[in-house]
file start-v4.cif (mmCIF, C-alpha atoms)
data_model
loop_
_atom_site.label_atom_id
_atom_site.label_comp_id
_atom_site.auth_asym_id
_atom_site.auth_seq_id
_atom_site.Cartn_x
_atom_site.Cartn_y
_atom_site.Cartn_z
CA MET P 1 30.07 -1.81 52.13
CA THR P 2 26.40 -0.80 52.01
CA LYS P 3 27.51 2.68 51.01
CA ARG P 4 29.40 1.15 48.12
CA ILE P 5 26.34 -0.86 46.98
CA ILE P 6 24.02 2.13 47.16
CA TYR P 7 26.56 4.22 45.27
CA ASN P 8 26.81 1.57 42.53
CA LEU P 9 23.05 1.25 42.36
CA VAL P 10 22.50 5.00 42.02
CA CYS P 11 25.17 5.31 39.34
CA GLY P 12 23.66 2.30 37.56
CA LEU P 13 20.19 3.81 37.58
CA VAL P 14 21.45 7.13 36.25
CA LEU P 15 23.22 5.26 33.47
CA ALA P 16 20.01 3.26 32.87
CA GLY P 17 18.08 6.50 32.42
CA ILE P 18 20.62 7.80 29.91
CA ILE P 19 20.65 4.53 27.96
CA HIS P 20 16.83 4.40 27.97
CA ILE P 21 16.59 7.89 26.46
CA ILE P 22 19.32 7.23 23.91
CA ILE P 23 17.64 4.01 22.72
CA ILE P 24 14.22 5.65 22.35
CA LEU P 25 15.65 8.59 20.43
CA LEU P 26 17.83 6.49 18.16
CA ILE P 27 15.23 3.88 17.13
CA PRO P 28 13.70 6.08 14.36
CA THR P 29 17.15 6.71 12.88
CA PHE P 30 18.58 3.21 13.10
CA GLY P 31 15.45 1.06 12.93
CA THR P 32 15.39 -1.04 9.77
CA LYS P 33 11.93 -2.53 10.07
CA ASP P 34 10.03 0.70 9.42
CA ALA P 35 7.86 1.33 6.39
CA SER P 36 10.25 3.82 4.81
CA ASP P 37 13.15 1.35 4.81
CA GLN P 38 10.93 -1.45 3.59
CA LEU P 39 9.76 0.67 0.67
CA ALA P 40 13.30 1.85 -0.08
CA GLN P 41 14.45 -1.74 -0.50
CA ASN P 42 11.77 -2.54 -3.03
CA ASN P 43 11.00 0.42 -5.19
CA SER P 44 12.76 3.36 -6.74
CA LEU P 45 12.02 7.04 -6.27
CA TRP P 46 8.93 8.53 -7.98
CA GLU P 47 7.52 5.09 -8.71
CA PHE P 48 3.99 4.41 -7.45
CA VAL P 49 3.66 0.80 -6.34
CA THR P 50 0.91 -1.10 -4.56
CA LEU P 51 2.03 -3.00 -1.50
CA SER P 52 0.34 -6.17 -2.70
CA SER P 53 2.66 -6.13 -5.71
CA VAL P 54 5.82 -5.46 -3.71
CA LYS P 55 6.70 -9.04 -2.96
CA ALA P 56 9.19 -8.58 -0.17
CA SER P 57 6.98 -6.07 1.61
CA ASN P 58 6.87 -6.95 5.24
CA ILE P 59 4.98 -3.99 6.59
CA ALA P 60 3.10 -5.09 9.67
CA GLU P 61 -0.59 -4.74 10.45
CA ILE P 62 -1.90 -3.93 7.01
CA ASP P 63 -5.66 -3.39 6.91
CA PRO P 64 -6.97 -6.19 4.64
CA PHE P 65 -9.92 -4.06 3.51
CA PHE P 66 -7.63 -1.49 1.95
CA GLU P 67 -5.46 -1.52 -1.15
CA ILE P 68 -2.35 0.43 -0.24
CA GLY P 69 -0.03 2.16 -2.65
CA ALA P 70 3.05 4.25 -2.01
CA CYS P 71 5.72 6.25 -3.75
CA ARG P 72 8.97 7.67 -2.45
CA TYR P 73 10.14 11.19 -3.24
CA ASP P 74 13.21 13.33 -2.94
CA LEU P 75 12.63 17.06 -3.21
CA GLU P 76 16.29 17.91 -3.79
CA ASN P 77 15.64 19.18 -7.34
CA GLU P 78 11.94 18.87 -8.08
CA SER P 79 8.67 18.92 -6.16
CA LEU P 80 6.29 15.98 -6.01
CA LEU P 81 2.88 16.12 -7.67
CA VAL P 82 0.61 13.16 -6.99
CA THR P 83 -2.54 12.95 -9.08
CA GLY P 84 -5.24 10.34 -9.44
CA PRO P 85 -8.36 9.85 -11.56
CA ASP P 86 -11.92 10.15 -10.24
CA THR P 87 -13.22 7.21 -8.30
CA ASP P 88 -16.27 6.17 -6.30
CA ALA P 89 -14.16 4.37 -3.74
CA PHE P 90 -13.22 5.96 -0.44
CA TRP P 91 -9.53 6.80 -0.25
CA SER P 92 -7.18 8.50 2.13
CA ALA P 93 -3.56 9.55 1.85
CA SER P 94 -0.74 10.67 4.10
CA VAL P 95 2.59 12.27 3.42
CA PHE P 96 5.42 10.81 5.52
CA THR P 97 8.92 12.02 6.19
CA GLU P 98 11.74 9.52 5.86
CA ASP P 99 11.75 8.74 9.59
CA GLY P 100 8.05 7.86 9.57
CA LYS P 101 6.45 11.08 10.81
CA ILE P 102 3.21 12.12 9.16
CA LEU P 103 3.38 15.61 7.70
CA TYR P 104 -0.11 15.82 6.31
CA SER P 105 -3.06 13.55 5.74
CA LEU P 106 -6.28 13.87 3.81
CA THR P 107 -9.26 11.82 2.71
CA LYS P 108 -11.44 11.94 -0.36
CA ARG P 109 -13.87 14.06 1.63
CA THR P 110 -11.30 16.71 2.55
CA ALA P 111 -9.60 16.82 -0.87
CA ILE P 112 -10.34 19.60 -3.37
CA GLU P 113 -13.42 18.48 -5.35
CA GLY P 114 -12.84 14.94 -4.09
CA LYS P 115 -9.84 14.56 -6.37
CA LEU P 116 -6.45 13.21 -5.45
CA SER P 117 -3.99 16.01 -6.20
CA VAL P 118 -1.22 16.71 -3.72
CA LEU P 119 1.82 18.90 -4.23
CA VAL P 120 4.72 18.32 -1.81
CA VAL P 121 7.35 21.06 -1.75
CA ASN P 122 10.28 22.18 0.37
CA PRO P 123 10.46 25.81 1.60
CA ILE P 124 12.54 27.01 -1.37
CA GLN P 125 10.11 25.50 -3.86
CA MET P 126 7.27 27.02 -1.87
CA SER P 127 8.62 30.52 -2.37
CA ASN P 128 9.08 29.77 -6.08
CA LEU P 129 5.46 28.66 -6.29
CA ARG P 130 4.33 31.89 -4.68
CA GLU P 131 6.17 33.89 -7.33
CA ILE P 132 5.21 31.85 -10.36
CA GLN P 133 1.64 30.94 -9.29
CA PRO P 134 1.24 27.90 -11.58
CA LYS P 135 -2.28 26.66 -12.24
CA GLU P 136 -1.64 23.48 -10.22
CA ILE P 137 -1.75 25.37 -6.93
CA GLU P 138 -5.43 26.09 -7.48
CA THR P 139 -6.40 22.44 -7.69
CA SER P 140 -3.83 20.76 -5.46
CA ILE P 141 -3.34 20.49 -1.76
CA LEU P 142 0.02 22.04 -0.91
CA VAL P 143 2.21 20.34 1.67
CA GLU P 144 5.40 22.02 2.77
CA THR P 145 8.15 19.93 4.35
CA GLN P 146 11.50 20.73 5.91
CA SER P 147 13.08 17.39 5.07
CA ASN P 148 13.54 16.53 1.41
CA LYS P 149 13.05 12.80 1.54
CA GLY P 150 9.90 10.91 2.35
CA PHE P 151 7.02 8.94 0.93
CA LEU P 152 3.32 9.20 0.25
CA VAL P 153 0.91 6.43 1.17
CA LEU P 154 -2.49 6.06 -0.49
CA ARG P 155 -5.16 3.77 0.94
CA VAL P 156 -8.24 2.79 -1.07
CA LEU P 157 -11.17 1.01 0.53
CA SER P 158 -11.78 -2.34 -1.12
CA PRO P 159 -14.52 -4.05 0.89
CA ASP P 160 -15.04 -7.03 -1.41
CA ASP P 161 -13.98 -8.52 -4.73
CA SER P 162 -16.56 -6.63 -6.79
CA TRP P 163 -14.63 -3.42 -6.08
CA LYS P 164 -11.30 -4.84 -7.23
CA PRO P 165 -11.42 -3.93 -10.99
CA GLY P 166 -12.44 -0.33 -10.33
CA ILE P 167 -9.81 0.10 -7.65
CA ALA P 168 -7.11 -1.45 -9.82
CA ALA P 169 -8.01 1.05 -12.56
CA PHE P 170 -7.85 3.91 -10.06
CA LEU P 171 -4.47 2.80 -8.72
CA ASP P 172 -3.15 2.38 -12.27
CA GLY P 173 -4.08 5.99 -12.91
CA VAL P 174 -2.26 7.36 -9.87
CA GLN P 175 0.93 9.11 -10.80
CA CYS P 176 3.81 10.41 -8.72
CA ASN P 177 5.44 12.96 -10.95
CA MET P 178 8.30 15.36 -10.55
CA PHE P 179 6.95 18.86 -10.74
CA VAL P 180 8.78 22.02 -11.71
CA ALA P 181 6.78 25.22 -11.50
CA SER P 182 6.60 27.07 -14.78
CA MET G 1 40.48 -4.59 40.64
CA ARG G 2 37.79 -3.44 43.03
CA SER G 3 36.99 -0.34 40.98
CA ILE G 4 36.79 -2.30 37.74
CA PHE G 5 34.33 -4.63 39.39
CA ASN G 6 32.24 -1.68 40.59
CA LEU G 7 32.31 -0.12 37.14
CA LEU G 8 31.17 -3.40 35.63
CA ILE G 9 28.26 -3.60 38.08
CA ILE G 10 27.20 -0.04 37.27
CA PHE G 11 27.47 -0.74 33.57
CA LEU G 12 25.42 -3.94 33.79
CA ILE G 13 22.67 -2.26 35.84
CA GLY G 14 22.56 0.64 33.38
CA LEU G 15 22.47 -1.49 30.27
CA GLY G 16 20.02 -4.02 31.69
CA ILE G 17 17.48 -1.63 33.17
CA GLY G 18 17.91 1.04 30.49
CA SER G 19 17.36 -1.24 27.52
CA SER G 20 14.62 -3.32 29.12
CA THR G 21 12.57 -0.27 30.13
CA ALA G 22 13.04 1.17 26.63
CA TRP G 23 11.83 -2.09 25.08
CA TYR G 24 8.94 -2.37 27.52
CA SER G 25 7.76 1.20 27.01
CA ILE G 26 7.30 0.75 23.27
CA GLN G 27 5.94 -2.80 23.36
CA LYS G 28 3.24 -2.28 25.86
CA SER G 29 -0.27 -1.45 24.92
CA HIS G 30 -1.56 1.31 27.20
CA GLY G 31 1.95 2.73 26.86
CA ILE G 32 3.28 6.24 26.94
CA GLY G 33 1.46 8.63 24.61
CA ALA G 34 -1.66 6.44 24.37
CA ILE G 35 -5.26 7.24 25.19
CA ASN G 36 -7.09 4.32 26.74
CA ILE G 37 -10.75 3.41 26.58
CA GLY G 38 -11.37 0.18 28.47
CA GLN G 39 -8.89 -2.29 27.02
CA TRP G 40 -8.44 -0.29 23.84
CA SER G 41 -5.46 1.96 23.27
CA ALA G 42 -4.95 4.52 20.55
CA TRP G 43 -2.04 6.79 19.79
CA PRO G 44 -3.74 9.95 18.52
CA PHE G 45 -0.50 11.90 18.13
CA VAL G 46 0.95 9.32 15.77
CA GLY G 47 -0.89 11.01 12.92
CA GLY G 48 0.75 14.40 13.18
CA SER G 49 4.23 15.84 13.04
CA ALA G 50 4.17 16.58 16.79
CA VAL G 51 4.57 12.89 17.61
CA ASP G 52 6.26 12.12 20.92
CA PRO G 53 9.53 10.12 20.89
CA TYR G 54 7.94 7.00 22.39
CA THR G 55 5.14 6.81 19.85
CA GLY G 56 7.63 7.54 17.05
CA ALA G 57 9.88 4.73 18.24
CA LYS G 58 6.94 2.35 18.57
CA VAL G 59 5.87 2.94 14.97
CA VAL G 60 9.37 2.20 13.70
CA ALA G 61 9.80 -0.84 15.93
CA ASP G 62 6.39 -2.24 14.90
CA GLY G 63 7.13 -1.60 11.23
CA SER G 64 3.58 -0.44 10.62
CA LEU G 65 2.08 2.40 8.61
CA PRO G 66 0.19 4.65 11.03
CA LEU G 67 -2.98 6.48 10.03
CA GLY G 68 -2.77 10.23 9.58
CA ALA G 69 -4.90 12.40 11.84
CA ALA G 70 -7.27 13.23 8.97
CA GLU G 71 -7.45 9.62 7.82
CA GLY G 72 -8.57 8.12 11.08
CA LEU G 73 -7.51 6.51 14.31
CA ALA G 74 -6.50 2.95 15.13
CA PHE G 75 -7.40 1.36 18.46
CA GLU G 76 -5.70 -1.83 19.55
CA ALA G 77 -6.49 -4.30 22.30
CA VAL G 78 -4.39 -7.17 23.58
CA LYS G 79 -6.50 -8.02 26.64
CA ASP G 80 -10.13 -8.81 27.40
CA GLU G 81 -12.34 -7.17 30.02
CA ASP G 82 -10.92 -9.45 32.72
CA ASP G 83 -7.39 -8.27 31.96
CA ALA G 84 -6.35 -11.61 30.46
CA LEU G 85 -4.33 -11.64 27.24
CA LEU G 86 -6.36 -12.43 24.11
CA ARG G 87 -5.72 -16.02 23.03
CA LEU G 88 -6.54 -17.79 19.79
CA GLU G 89 -7.74 -20.82 21.77
CA CYS G 90 -10.54 -18.79 23.30
CA THR G 91 -13.89 -17.48 22.13
CA TYR G 92 -14.75 -13.82 22.61
CA ARG G 93 -17.77 -11.64 22.25
CA LEU G 94 -17.29 -8.04 21.26
CA GLU G 95 -20.32 -5.91 22.07
CA GLY G 96 -21.24 -2.28 22.19
CA VAL G 97 -20.90 0.70 19.90
CA THR G 98 -18.01 2.53 18.25
CA PRO G 99 -17.29 6.25 18.13
CA PRO G 100 -18.76 7.98 15.06
CA ALA G 101 -16.80 7.27 11.88
CA LYS G 102 -17.47 7.07 8.15
CA LEU G 103 -16.39 3.46 8.28
CA TRP G 104 -14.35 1.13 10.42
CA THR G 105 -12.57 -2.18 10.16
CA LEU G 106 -11.77 -4.72 12.85
CA VAL G 107 -8.84 -7.05 12.22
CA ALA G 108 -7.24 -9.82 14.29
CA TYR G 109 -3.44 -9.88 14.03
CA ASN G 110 -0.83 -12.30 15.24
CA THR G 111 1.80 -10.88 17.57
CA ASP G 112 4.20 -10.46 14.61
CA GLY G 113 1.76 -8.15 12.82
CA SER G 114 0.46 -10.56 10.18
CA PRO G 115 -3.31 -11.12 9.99
CA VAL G 116 -4.60 -14.19 11.84
CA THR G 117 -5.17 -17.10 9.45
CA PRO G 118 -8.92 -17.77 9.55
CA GLY G 119 -10.49 -21.17 9.89
CA PRO G 120 -12.29 -22.72 6.91
CA GLY G 121 -15.14 -20.56 5.62
CA GLY G 122 -14.30 -17.52 7.73
CA THR G 123 -12.40 -14.27 7.61
CA SER G 124 -10.28 -12.77 10.36
CA ALA G 125 -11.49 -9.24 9.67
CA LYS G 126 -14.75 -7.33 9.68
CA TYR G 127 -15.82 -4.19 7.83
CA SER G 128 -18.54 -1.88 9.17
CA GLY G 129 -20.31 -1.87 5.78
CA ASN G 130 -21.34 -5.52 5.99
CA LEU G 131 -22.12 -5.74 9.67
CA MET G 132 -25.35 -6.88 11.26
CA ARG G 133 -26.52 -4.40 13.86
CA PHE G 134 -29.28 -4.05 16.39
CA PRO G 135 -31.89 -1.31 15.86
CA ASP G 136 -29.99 0.99 18.25
CA ALA G 137 -26.81 0.69 16.09
CA SER G 138 -25.02 -1.44 18.65
CA PHE G 139 -23.60 -4.75 17.51
CA VAL G 140 -22.11 -8.04 18.64
CA ILE G 141 -19.15 -9.70 16.93
CA ASN G 142 -18.21 -13.22 17.90
CA ILE G 143 -14.54 -14.09 17.68
CA GLY G 144 -13.52 -17.73 17.78
CA LYS G 145 -12.86 -20.96 15.96
CA ASN G 146 -16.39 -22.22 15.61
CA PRO G 147 -18.80 -20.62 13.14
CA VAL G 148 -21.49 -18.48 14.75
CA SER G 149 -24.55 -16.92 13.16
CA GLY G 150 -24.48 -13.15 12.94
CA ASN G 151 -21.13 -11.38 12.89
CA TRP G 152 -18.20 -13.74 13.14
CA ILE G 153 -14.45 -13.25 13.06
CA SER G 154 -12.76 -16.57 12.50
CA THR G 155 -9.56 -17.43 14.34
CA ASN G 156 -7.42 -20.48 14.20
CA GLY G 157 -4.31 -21.85 15.83
CA LYS G 158 -2.73 -21.13 19.18
CA GLY G 159 -1.09 -18.22 20.92
CA ASN G 160 -1.85 -14.62 21.67
CA PHE G 161 -3.42 -12.19 19.27
CA LYS G 162 -4.33 -8.57 19.02
CA LEU G 163 -7.46 -6.81 17.83
CA VAL G 164 -7.11 -3.58 15.89
CA MET G 165 -10.12 -1.41 15.18
CA ARG G 166 -9.47 1.36 12.70
CA LEU G 167 -11.94 4.23 12.54
CA TYR G 168 -11.66 6.05 9.23
CA ASP G 169 -12.68 9.66 8.74
CA THR G 170 -13.67 10.09 12.37
CA PRO G 171 -14.22 13.25 14.39
CA VAL G 172 -12.51 11.57 17.37
CA THR G 173 -9.12 12.77 16.10
CA SER G 174 -10.20 16.38 16.03
CA THR G 175 -9.03 18.34 19.03
CA SER G 176 -12.41 19.80 19.93
CA GLY G 177 -12.80 17.30 22.78
CA LEU G 178 -16.57 17.35 22.34
CA ILE G 179 -16.77 13.66 21.64
CA ASP G 180 -16.29 11.25 24.46
CA PRO G 181 -15.36 8.07 22.63
CA VAL G 182 -16.87 4.74 23.62
CA MET G 183 -15.48 1.45 22.44
CA PRO G 184 -17.02 -2.02 22.46
CA LYS G 185 -16.28 -4.42 25.31
CA ILE G 186 -14.32 -7.62 24.75
CA LEU G 187 -15.83 -10.42 26.81
CA GLN G 188 -14.34 -13.90 27.05
CA ILE G 189 -16.89 -16.67 26.54
CA GLY G 190 -14.76 -19.75 26.99
CA CYS G 191 -11.53 -21.47 26.13
CA GLU G 192 -10.53 -24.72 24.55
CA SER G 193 -8.31 -26.62 26.89
#
call {"tool": "encode", "arguments": {"input": "start-v4.cif", "output": "structure tokens"}}
result
Amino acid sequence: MTKRIIYNLVCGLVLAGIIHIIIILLIPTFGTKDASDQLAQNNSLWEFVTLSSVKASNIAEIDPFFEIGACRYDLENESLLVTGPDTDAFWSASVFTEDGKILYSLTKRTAIEGKLSVLVVNPIQMSNLREIQPKEIETSILVETQSNKGFLVLRVLSPDDSWKPGIAAFLDGVQCNMFVAS
Amino acid sequence: MRSIFNLLIIFLIGLGIGSSTAWYSIQKSHGIGAINIGQWSAWPFVGGSAVDPYTGAKVVADGSLPLGAAEGLAFEAVKDEDDALLRLECTYRLEGVTPPAKLWTLVAYNTDGSPVTPGPGGTSAKYSGNLMRFPDASFVINIGKNPVSGNWISTNGKGNFKLVMRLYDTPVTSTSGLIDPVMPKILQIGCES
């Protein structure tokens, strides 16, 4: 009898270990609460939106001192070129894959000449860029990704209301464009 | 009949323990993949592509937007120095210094991830740019319902909450290991009964 109980317990624990690992590994794929899914419900590809304007946005733990904008991309046919005007405000940006991993991040301080200009490419587009050498690669930060889909998040520091007009103008000027090397 | 019963037992143990440990491991502060300084936890690998499965799952389950390694690092605390959960009914005193950073913000969140609703005349967040400091750069922030002179984070309501301190543009995330980060202490002053 005790043998039976111990046997059941050991089998149960082994199964528990397997289920534990499966759950942890499957959450990124099947989770629906993550930022990428939230954005996908509310905005279309290549469209730069601020989270304060996306009404249904339910992204947790937003820093209230930052204005956050995002755009989704799909590198199937074209690369992504994100550009922004000059600003005095501190900003930072990260490039995410669809399952929420950060590929690359930068701040105003680490950007080329303090300007927002990021080019996201897949490996095929990267080799094209190397051949064609368009002028954009001189002024943009190049990010290469293995997965085609993802999103870019831009955060702009907005410590008080006096910064709001300038930051709104900056965010209005941010563009997520398709880019084809030529 | 006997073997079906045994199978059922095994299955229940597996499902129960497996799913509860999975849930626990991504809920818990001080969890797997975290670095801990006092009561503060940060997930430094969340900002890179080499993120471990637990941290990756936690980000998705929380539904938050993590900071990239170059952007900064977020520290969160759910307990005070005495290991008691942070409660909106209580008053706290945050004192000390932060690791070097271009700027930081401190925000109180409800357990569901929305910012704590402040009491009248207050805000539930603090930005390093408008902070009052002592001459040695250390500071005190009072957290509670009643207005306090100096730095004050206003809370309201009942229940547990969480403090998140985000350090932007900080050398802490670099891998040099030269900086031994120090975080402020969270001391409980008193509670409303």
call {"tool": "resolve_selection", "arguments": {"input": "start-v4.cif", "expression": "the PyMOL selection byres ((chain G) within 9 of (chain P))", "output": "count of residues only"}}
result
60
call {"tool": "resolve_selection", "arguments": {"input": "start-v4.cif", "expression": "the PyMOL selection byres ((chain P and resi 40) around 10)", "output": "PyMOL selection string"}}
result
chain P and resi 35-39+41-45+71-72+98+150-151
call {"tool": "resolve_selection", "arguments": {"input": "start-v4.cif", "expression": "the PyMOL selection byres ((chain G and resi 78) around 9)", "output": "PDB file with C-alpha atoms, in the coordinates of the input"}}
result
ATOM      1  CA  SER G  29      -0.270  -1.450  24.920  1.00  0.00           C
ATOM      2  CA  GLN G  39      -8.890  -2.290  27.020  1.00  0.00           C
ATOM      3  CA  TRP G  40      -8.440  -0.290  23.840  1.00  0.00           C
ATOM      4  CA  GLU G  76      -5.700  -1.830  19.550  1.00  0.00           C
ATOM      5  CA  ALA G  77      -6.490  -4.300  22.300  1.00  0.00           C
ATOM      6  CA  LYS G  79      -6.500  -8.020  26.640  1.00  0.00           C
ATOM      7  CA  ASP G  80     -10.130  -8.810  27.400  1.00  0.00           C
ATOM      8  CA  ASP G  83      -7.390  -8.270  31.960  1.00  0.00           C
ATOM      9  CA  ALA G  84      -6.350 -11.610  30.460  1.00  0.00           C
ATOM     10  CA  LEU G  85      -4.330 -11.640  27.240  1.00  0.00           C
ATOM     11  CA  LEU G  86      -6.360 -12.430  24.110  1.00  0.00           C
ATOM     12  CA  ARG G  87      -5.720 -16.020  23.030  1.00  0.00           C
ATOM     13  CA  ASN G 160      -1.850 -14.620  21.670  1.00  0.00           C
ATOM     14  CA  PHE G 161      -3.420 -12.190  19.270  1.00  0.00           C
ATOM     15  CA  LYS G 162      -4.330  -8.570  19.020  1.00  0.00           C
ATOM     16  CA  LEU G 163      -7.460  -6.810  17.830  1.00  0.00           C
ATOM     17  CA  VAL G 164      -7.110  -3.580  15.890  1.00  0.00           C
TER      18      VAL G 164
END
call {"tool": "atom_distance", "arguments": {"input": "start-v4.cif", "atom1": "CA of Leu73 (chain G)", "atom2": "CA of Thr170 (chain G)"}}
result
7.4 Å
call {"tool": "atom_distance", "arguments": {"input": "start-v4.cif", "atom1": "CA of Asn128 (chain P)", "atom2": "CA of Ala181 (chain P)"}}
result
7.4 Å
call {"tool": "atom_distance", "arguments": {"input": "start-v4.cif", "atom1": "CA of Ile141 (chain G)", "atom2": "CA of Gly122 (chain G)"}}
result
13.0 Å
call {"tool": "closest_residue", "arguments": {"input": "start-v4.cif", "among": "P:Thr139, P:Ser53, P:Gln175, P:Asn148", "to": "Pro85 (chain P)", "atoms": "all atoms listed in the file"}}
result
P:Gln175
call {"tool": "residues_near_point", "arguments": {"input": "start-v4.cif", "point": "(0.8, -3.3, -1.7)", "cutoff": "7 Å", "atoms": "all atoms listed in the file", "output": "ChimeraX atom specification"}}
result
/P:49-54,67-69
call {"tool": "residues_near_point", "arguments": {"input": "start-v4.cif", "point": "(-16.2, -9.2, 24.3)", "cutoff": "10 Å", "atoms": "only C-alpha atoms", "output": "PDB file with C-alpha atoms, keeping the file's coordinate frame"}}
result
ATOM      1  CA  ASP G  80     -10.130  -8.810  27.400  1.00  0.00           C
ATOM      2  CA  GLU G  81     -12.340  -7.170  30.020  1.00  0.00           C
ATOM      3  CA  ASP G  82     -10.920  -9.450  32.720  1.00  0.00           C
ATOM      4  CA  THR G  91     -13.890 -17.480  22.130  1.00  0.00           C
ATOM      5  CA  TYR G  92     -14.750 -13.820  22.610  1.00  0.00           C
ATOM      6  CA  ARG G  93     -17.770 -11.640  22.250  1.00  0.00           C
ATOM      7  CA  LEU G  94     -17.290  -8.040  21.260  1.00  0.00           C
ATOM      8  CA  GLU G  95     -20.320  -5.910  22.070  1.00  0.00           C
ATOM      9  CA  GLY G  96     -21.240  -2.280  22.190  1.00  0.00           C
ATOM     10  CA  VAL G 140     -22.110  -8.040  18.640  1.00  0.00           C
ATOM     11  CA  ILE G 141     -19.150  -9.700  16.930  1.00  0.00           C
ATOM     12  CA  ASN G 142     -18.210 -13.220  17.900  1.00  0.00           C
ATOM     13  CA  ILE G 143     -14.540 -14.090  17.680  1.00  0.00           C
ATOM     14  CA  PRO G 184     -17.020  -2.020  22.460  1.00  0.00           C
ATOM     15  CA  LYS G 185     -16.280  -4.420  25.310  1.00  0.00           C
ATOM     16  CA  ILE G 186     -14.320  -7.620  24.750  1.00  0.00           C
ATOM     17  CA  LEU G 187     -15.830 -10.420  26.810  1.00  0.00           C
ATOM     18  CA  GLN G 188     -14.340 -13.900  27.050  1.00  0.00           C
ATOM     19  CA  ILE G 189     -16.890 -16.670  26.540  1.00  0.00           C
TER      20      ILE G 189
END
call {"tool": "closest_residue", "arguments": {"input": "start-v4.cif", "among": "P:Trp163, P:Cys176, P:Thr2, P:Ser147", "to": "Leu75 (chain P)", "atoms": "all atoms listed in the file"}}
result
P:Ser147
call {"tool": "decode", "arguments": {"input": "start-v4.cif", "residues": "region 95-126 of chain P", "atoms": "C-alpha atoms", "output": "PDB file, in the first residue's frame"}}
result
ATOM      1  CA  VAL P  95      12.567  47.183 -30.686  1.00  0.00           C
ATOM      2  CA  PHE P  96      10.470  44.183 -29.621  1.00  0.00           C
ATOM      3  CA  THR P  97       9.774  40.897 -31.324  1.00  0.00           C
ATOM      4  CA  GLU P  98       6.182  39.709 -31.465  1.00  0.00           C
ATOM      5  CA  ASP P  99       6.564  37.542 -28.357  1.00  0.00           C
ATOM      6  CA  GLY P 100       7.815  40.472 -26.280  1.00  0.00           C
ATOM      7  CA  LYS P 101      11.583  40.000 -26.393  1.00  0.00           C
ATOM      8  CA  ILE P 102      13.685  43.131 -26.729  1.00  0.00           C
ATOM      9  CA  LEU P 103      16.004  43.022 -29.716  1.00  0.00           C
ATOM     10  CA  TYR P 104      17.638  46.380 -29.308  1.00  0.00           C
ATOM     11  CA  SER P 105      17.220  49.477 -27.214  1.00  0.00           C
ATOM     12  CA  LEU P 106      18.647  52.961 -27.363  1.00  0.00           C
ATOM     13  CA  THR P 107      18.284  56.362 -25.759  1.00  0.00           C
ATOM     14  CA  LYS P 108      18.691  59.872 -27.084  1.00  0.00           C
ATOM     15  CA  ARG P 109      22.221  59.816 -25.716  1.00  0.00           C
ATOM     16  CA  THR P 110      23.247  56.658 -27.594  1.00  0.00           C
ATOM     17  CA  ALA P 111      21.502  57.568 -30.874  1.00  0.00           C
ATOM     18  CA  ILE P 112      23.442  58.962 -33.836  1.00  0.00           C
ATOM     19  CA  GLU P 113      23.632  62.756 -33.320  1.00  0.00           C
ATOM     20  CA  GLY P 114      20.825  62.467 -30.774  1.00  0.00           C
ATOM     21  CA  LYS P 115      18.310  61.834 -33.536  1.00  0.00           C
ATOM     22  CA  LEU P 116      15.689  59.135 -33.636  1.00  0.00           C
ATOM     23  CA  SER P 117      16.426  57.088 -36.749  1.00  0.00           C
ATOM     24  CA  VAL P 118      16.204  53.320 -36.540  1.00  0.00           C
ATOM     25  CA  LEU P 119      16.216  50.864 -39.413  1.00  0.00           C
ATOM     26  CA  VAL P 120      14.880  47.369 -38.625  1.00  0.00           C
ATOM     27  CA  VAL P 121      15.710  44.698 -41.198  1.00  0.00           C
ATOM     28  CA  ASN P 122      15.638  40.929 -41.550  1.00  0.00           C
ATOM     29  CA  PRO P 123      18.791  39.063 -42.674  1.00  0.00           C
ATOM     30  CA  ILE P 124      17.846  39.127 -46.382  1.00  0.00           C
ATOM     31  CA  GLN P 125      17.236  42.865 -46.313  1.00  0.00           C
ATOM     32  CA  MET P 126      20.502  43.271 -44.430  1.00  0.00           C
TER      33      MET P 126
END
